[in-house]
Amino acid sequence: MAEVHGTFDARFAGVRDALDWTLSEGLDVGASAAVFVDGEPVVDIWGGLADEAAGTPWERDTITNVWSTTKTMTALCALVLADRGEIDLHAPVARYWPEFKAAGKEAIEVRHLMSHSAGLSGWAEPLTVEDLYDWDKCTSLLAAQEPWWEPGTRSGYHAVTQGYLVGEVVRRVSGQSLGTFFATELARPLGADFHIGLPATQDARVSFVIPPPPVEASNVDLSPGSVAVRTFASLPLDATWPRARAWRGAEIPAANGHGNARSVALVQSVLACGGTVGGTRFMSAKGCDAVFEEQVRGTDLVIGLPLRFGIGYGLSSEASPAGLNDRSCYWGGWGGSLVVIDLEHRATIAYVMNKMGSGTVGDERGAAVLAAARSALEDG
């Protein structure tokens, strides 16, 4: 058996067993899992190695790049502002970002940005990773660009662009960058160890992700000129990018958040608990319910899988049953990280690891943690 550290309530022992299994079977190198109920941890465990070559253990405060699980943090920032009445999710993006109305985008609404249905899943001109560190370049190019399909009709996963699109709306409204707004309004008040723009002083705690095996995109339309091909060609992703200080220090709000399962679950408890955690109100229950307003469903133009999106989060469906019930939502990151938010049980379930799998929407490791937590929650 693997050595799993941390604490868990007895009825959630199955989550500990699930993490033990992923580590013992070599499916994971280092990983963490957490379950929060009513904003408090009922599972907070970790194990394995942060650096396999050096034999460095994964510690309580080890953090790693969680890729698109970062999107749930960015979405929450926009939802907080919407709840305050500072953003109307159904308003044109151009109300807050006037330059965005160029190239026929006058009618694109904030909710379209948050449901991957804005038609801006990639950049029209190829970018390099260094370009991602230039916020103004990334956002100005998107503002000038024509949509690649009719906005609001289909989802096409905005793997990297979503963070700049939603982040620029947050910046225009709040006067703060997305990473700063997240830190001041959510992470610091919660005491959550999650960062969008990691200070160099925290680098020693980072476990670099281990790149995944090649992915065969069998469900994706790869015909010349397809949305998927244009998206992938605009910025071919490289799993070694987080090893660079420039990547970790930048604000790439769809992809470079650093944290662990505990911090992911803690922040998303704001949504799970109807807006209030630890006696602090971050938003109203009504504001939390906005995520369940279905925006699009069907085969995603970029990922090639059937997905259902609300505002900022994926919603459960027969094809993607990550949610526990109709009052749950989710998202995850490239390689396997995952968070599920269950408003019915006021619970969050998170899994974060360093060994990336080949999938883009989770795999058996996160599924095992989720299944064990689901069983405990449903058994009461």
# chains A, B, ... in the order shown; residues from 1 in each chain; ligands from 1

call {"tool": "residues_around", "arguments": {"residues": "stretch 246-258 of chain A", "least_positions_apart": "4", "cutoff": "6 Å", "atoms": "only C-alpha atoms", "output": "compact mmCIF listing (two decimals) with N, CA and C atoms, in the first residue's frame"}}
result
# COMPACT_ATOMS: atom_id res chain seq x y z
N ILE A 63 2.19 22.23 -4.34
CA ILE A 63 1.23 22.74 -5.32
C ILE A 63 1.73 22.39 -6.72
N THR A 64 0.82 22.42 -7.68
CA THR A 64 1.19 22.13 -9.05
C THR A 64 0.27 22.87 -9.99
N ASN A 65 0.65 22.92 -11.27
CA ASN A 65 -0.17 23.56 -12.29
C ASN A 65 -1.39 22.67 -12.56
N VAL A 66 -2.59 23.21 -12.36
CA VAL A 66 -3.80 22.40 -12.50
C VAL A 66 -4.48 22.61 -13.86
N TRP A 67 -3.81 23.32 -14.76
CA TRP A 67 -4.36 23.57 -16.10
C TRP A 67 -5.79 24.13 -16.03
N SER A 68 -6.73 23.50 -16.72
CA SER A 68 -8.05 24.14 -16.87
C SER A 68 -8.94 24.09 -15.64
N THR A 70 -8.20 25.76 -13.39
CA THR A 70 -8.11 27.21 -13.16
C THR A 70 -9.36 27.93 -13.64
N LYS A 71 -9.99 27.41 -14.68
CA LYS A 71 -11.17 28.09 -15.23
C LYS A 71 -12.29 28.23 -14.21
N TYR A 133 2.31 35.76 -22.20
CA TYR A 133 2.72 36.60 -21.09
C TYR A 133 2.38 38.07 -21.35
N VAL A 160 -7.53 28.10 -23.92
CA VAL A 160 -6.67 29.14 -23.38
C VAL A 160 -7.32 30.51 -23.49
N GLY A 163 -9.71 32.42 -20.57
CA GLY A 163 -9.16 33.17 -19.45
C GLY A 163 -8.91 34.63 -19.78
N PHE A 194 -4.12 28.99 -3.50
CA PHE A 194 -4.27 28.85 -4.94
C PHE A 194 -3.85 30.17 -5.57
N HIS A 195 -3.11 30.09 -6.69
CA HIS A 195 -2.49 31.28 -7.26
C HIS A 195 -2.68 31.32 -8.77
N ILE A 196 -3.12 32.46 -9.29
CA ILE A 196 -3.12 32.71 -10.73
C ILE A 196 -2.10 33.82 -10.94
N GLY A 197 -0.87 33.39 -11.18
CA GLY A 197 0.29 34.28 -11.14
C GLY A 197 1.03 33.98 -9.85
N LEU A 198 1.94 33.00 -9.90
CA LEU A 198 2.60 32.50 -8.70
C LEU A 198 3.86 33.31 -8.40
N PRO A 242 4.97 24.81 -17.76
CA PRO A 242 4.99 25.23 -16.35
C PRO A 242 6.35 25.15 -15.68

call {"tool": "residues_around", "arguments": {"residues": "stretch 35-50 of chain A", "least_positions_apart": "4", "cutoff": "9 Å", "atoms": "only C-alpha atoms", "output": "PyMOL selection string"}}
result
chain A and resi 2-10+12-13+15-16+19-20+23+28-31+54-60+62-64+205-208+261-262+265-270+272-273+276-278+345-350+354+373

call {"tool": "residues_around", "arguments": {"residues": "A:Met114", "least_positions_apart": "3", "cutoff": "10 Å", "atoms": "only C-alpha atoms", "output": "PyMOL selection string"}}
result
chain A and resi 71+74-75+78-79+89+109-111+117-118+158+162-163+165-166+291+295+309-313

call {"tool": "write_last_selection", "arguments": {"atoms": "C-alpha atoms", "output": "tab-separated table (two decimals), in the first residue's frame"}}
result
chain	number	residue	atom	x	y	z
A	71	LYS	CA	-11.17	28.09	-15.23
A	74	THR	CA	-11.89	32.61	-13.18
A	75	ALA	CA	-15.60	31.83	-13.55
A	78	ALA	CA	-17.02	36.82	-12.82
A	79	LEU	CA	-19.94	35.35	-10.87
A	89	LEU	CA	-24.13	38.01	-17.64
A	109	GLU	CA	-22.75	38.32	-24.38
A	110	VAL	CA	-20.71	37.64	-21.27
A	111	ARG	CA	-22.47	34.30	-20.83
A	117	SER	CA	-19.79	29.43	-27.18
A	118	ALA	CA	-18.36	32.82	-28.25
A	158	HIS	CA	-11.86	27.92	-25.42
A	162	GLN	CA	-11.41	31.90	-22.21
A	163	GLY	CA	-9.16	33.17	-19.45
A	165	LEU	CA	-11.79	36.92	-22.51
A	166	VAL	CA	-13.40	36.60	-19.07
A	291	VAL	CA	-24.26	28.45	-13.12
A	295	GLN	CA	-26.22	27.71	-22.42
A	309	PHE	CA	-22.35	23.99	-20.31
A	310	GLY	CA	-24.00	26.33	-17.86
A	311	ILE	CA	-22.44	29.69	-17.04
A	312	GLY	CA	-18.80	29.06	-16.21
A	313	TYR	CA	-19.04	25.34	-15.45

call {"tool": "residues_around", "arguments": {"residues": "A:Leu324", "least_positions_apart": "2", "cutoff": "9 Å", "atoms": "only C-alpha atoms", "output": "list in words"}}
result
Ser316, Pro321, Ala322, Asp326, Arg327, Ser328, Cys329, Val340, Ile341, Asp342, Glu344, Leu370, Arg374 and Glu378 of chain A

call {"tool": "write_last_selection", "arguments": {"atoms": "N, CA and C atoms", "output": "CSV table (one decimal), in the first residue's frame"}}
result
chain,number,residue,atom,x,y,z
A,316,SER,N,-23.8,18.3,-15.6
A,316,SER,CA,-23.9,16.8,-15.8
A,316,SER,C,-24.8,16.5,-16.9
A,321,PRO,N,-21.3,12.3,-16.9
A,321,PRO,CA,-22.0,12.3,-15.6
A,321,PRO,C,-21.1,12.6,-14.4
A,322,ALA,N,-20.3,13.7,-14.5
A,322,ALA,CA,-19.4,14.0,-13.5
A,322,ALA,C,-20.1,14.6,-12.2
A,326,ASP,N,-28.6,17.1,-10.1
A,326,ASP,CA,-29.0,18.2,-10.9
A,326,ASP,C,-28.5,19.6,-10.3
A,327,ARG,N,-28.0,19.5,-9.1
A,327,ARG,CA,-27.5,20.7,-8.4
A,327,ARG,C,-26.0,20.7,-8.3
A,328,SER,N,-25.4,20.0,-9.3
A,328,SER,CA,-23.9,19.9,-9.2
A,328,SER,C,-23.4,20.4,-10.6
A,329,CYS,N,-22.1,20.8,-10.5
A,329,CYS,CA,-21.4,21.2,-11.7
A,329,CYS,C,-19.9,20.9,-11.6
A,340,VAL,N,-15.6,18.9,-8.6
A,340,VAL,CA,-17.0,18.7,-8.7
A,340,VAL,C,-17.6,19.5,-7.5
A,341,ILE,N,-18.6,20.3,-7.8
A,341,ILE,CA,-19.2,21.2,-6.8
A,341,ILE,C,-20.7,20.8,-6.7
A,342,ASP,N,-21.1,20.3,-5.5
A,342,ASP,CA,-22.4,19.8,-5.3
A,342,ASP,C,-23.2,20.7,-4.3
A,344,GLU,N,-26.4,20.6,-3.6
A,344,GLU,CA,-27.4,19.9,-2.8
A,344,GLU,C,-26.8,19.4,-1.5
A,370,LEU,N,-13.9,10.6,-7.1
A,370,LEU,CA,-15.3,11.1,-7.2
A,370,LEU,C,-16.3,10.0,-6.8
A,374,ARG,N,-18.8,10.4,-3.7
A,374,ARG,CA,-20.3,10.4,-4.0
A,374,ARG,C,-21.0,9.4,-3.2
A,378,GLU,N,-24.0,10.4,-0.5
A,378,GLU,CA,-25.3,9.9,-0.7
A,378,GLU,C,-25.8,9.0,0.4

call {"tool": "select_by_dssp", "arguments": {"residues": "stretch 45-96 of chain A", "states": "alpha helix (DSSP H)", "output": "list in words"}}
result
Thr70, Lys71, Thr72, Met73, Thr74, Ala75, Leu76, Cys77, Ala78, Leu79, Val80, Leu81, Ala82 and Asp83 of chain A

call {"tool": "closest_residue", "arguments": {"among": "A:Pro189, A:Ile87, A:Pro212, A:Thr69", "to": "A:Gly333", "atoms": "only C-alpha atoms"}}
result
A:Thr69

call {"tool": "residues_around", "arguments": {"residues": "A:Arg95", "least_positions_apart": "5", "cutoff": "12 Å", "atoms": "only C-alpha atoms", "output": "ChimeraX atom specification"}}
result
/A:86-90,100-101,105-110,169,172-173

call {"tool": "residues_around", "arguments": {"residues": "A:Cys288", "least_positions_apart": "5", "cutoff": "7 Å", "atoms": "only C-alpha atoms", "output": "NGL selection string"}}
result
:A and (271 or 274-275)

call {"tool": "residues_around", "arguments": {"residues": "A:Tyr351", "least_positions_apart": "2", "cutoff": "7 Å", "atoms": "only C-alpha atoms", "output": "VMD selection string"}}
result
chain A and resid 32 to 34 261 337 to 339 353 366

call {"tool": "atom_distance", "arguments": {"atom1": "atom CA of A:Lys137", "atom2": "atom CA of A:Leu113"}}
result
18.2 Å

call {"tool": "select_by_dssp", "arguments": {"residues": "stretch 14-43 of chain A", "states": "strand (DSSP E)", "output": "list in words"}}
result
Gly30, Ala31, Ser32, Ala33, Ala34, Val35, Phe36, Val37, Glu40, Pro41, Val42 and Val43 of chain A
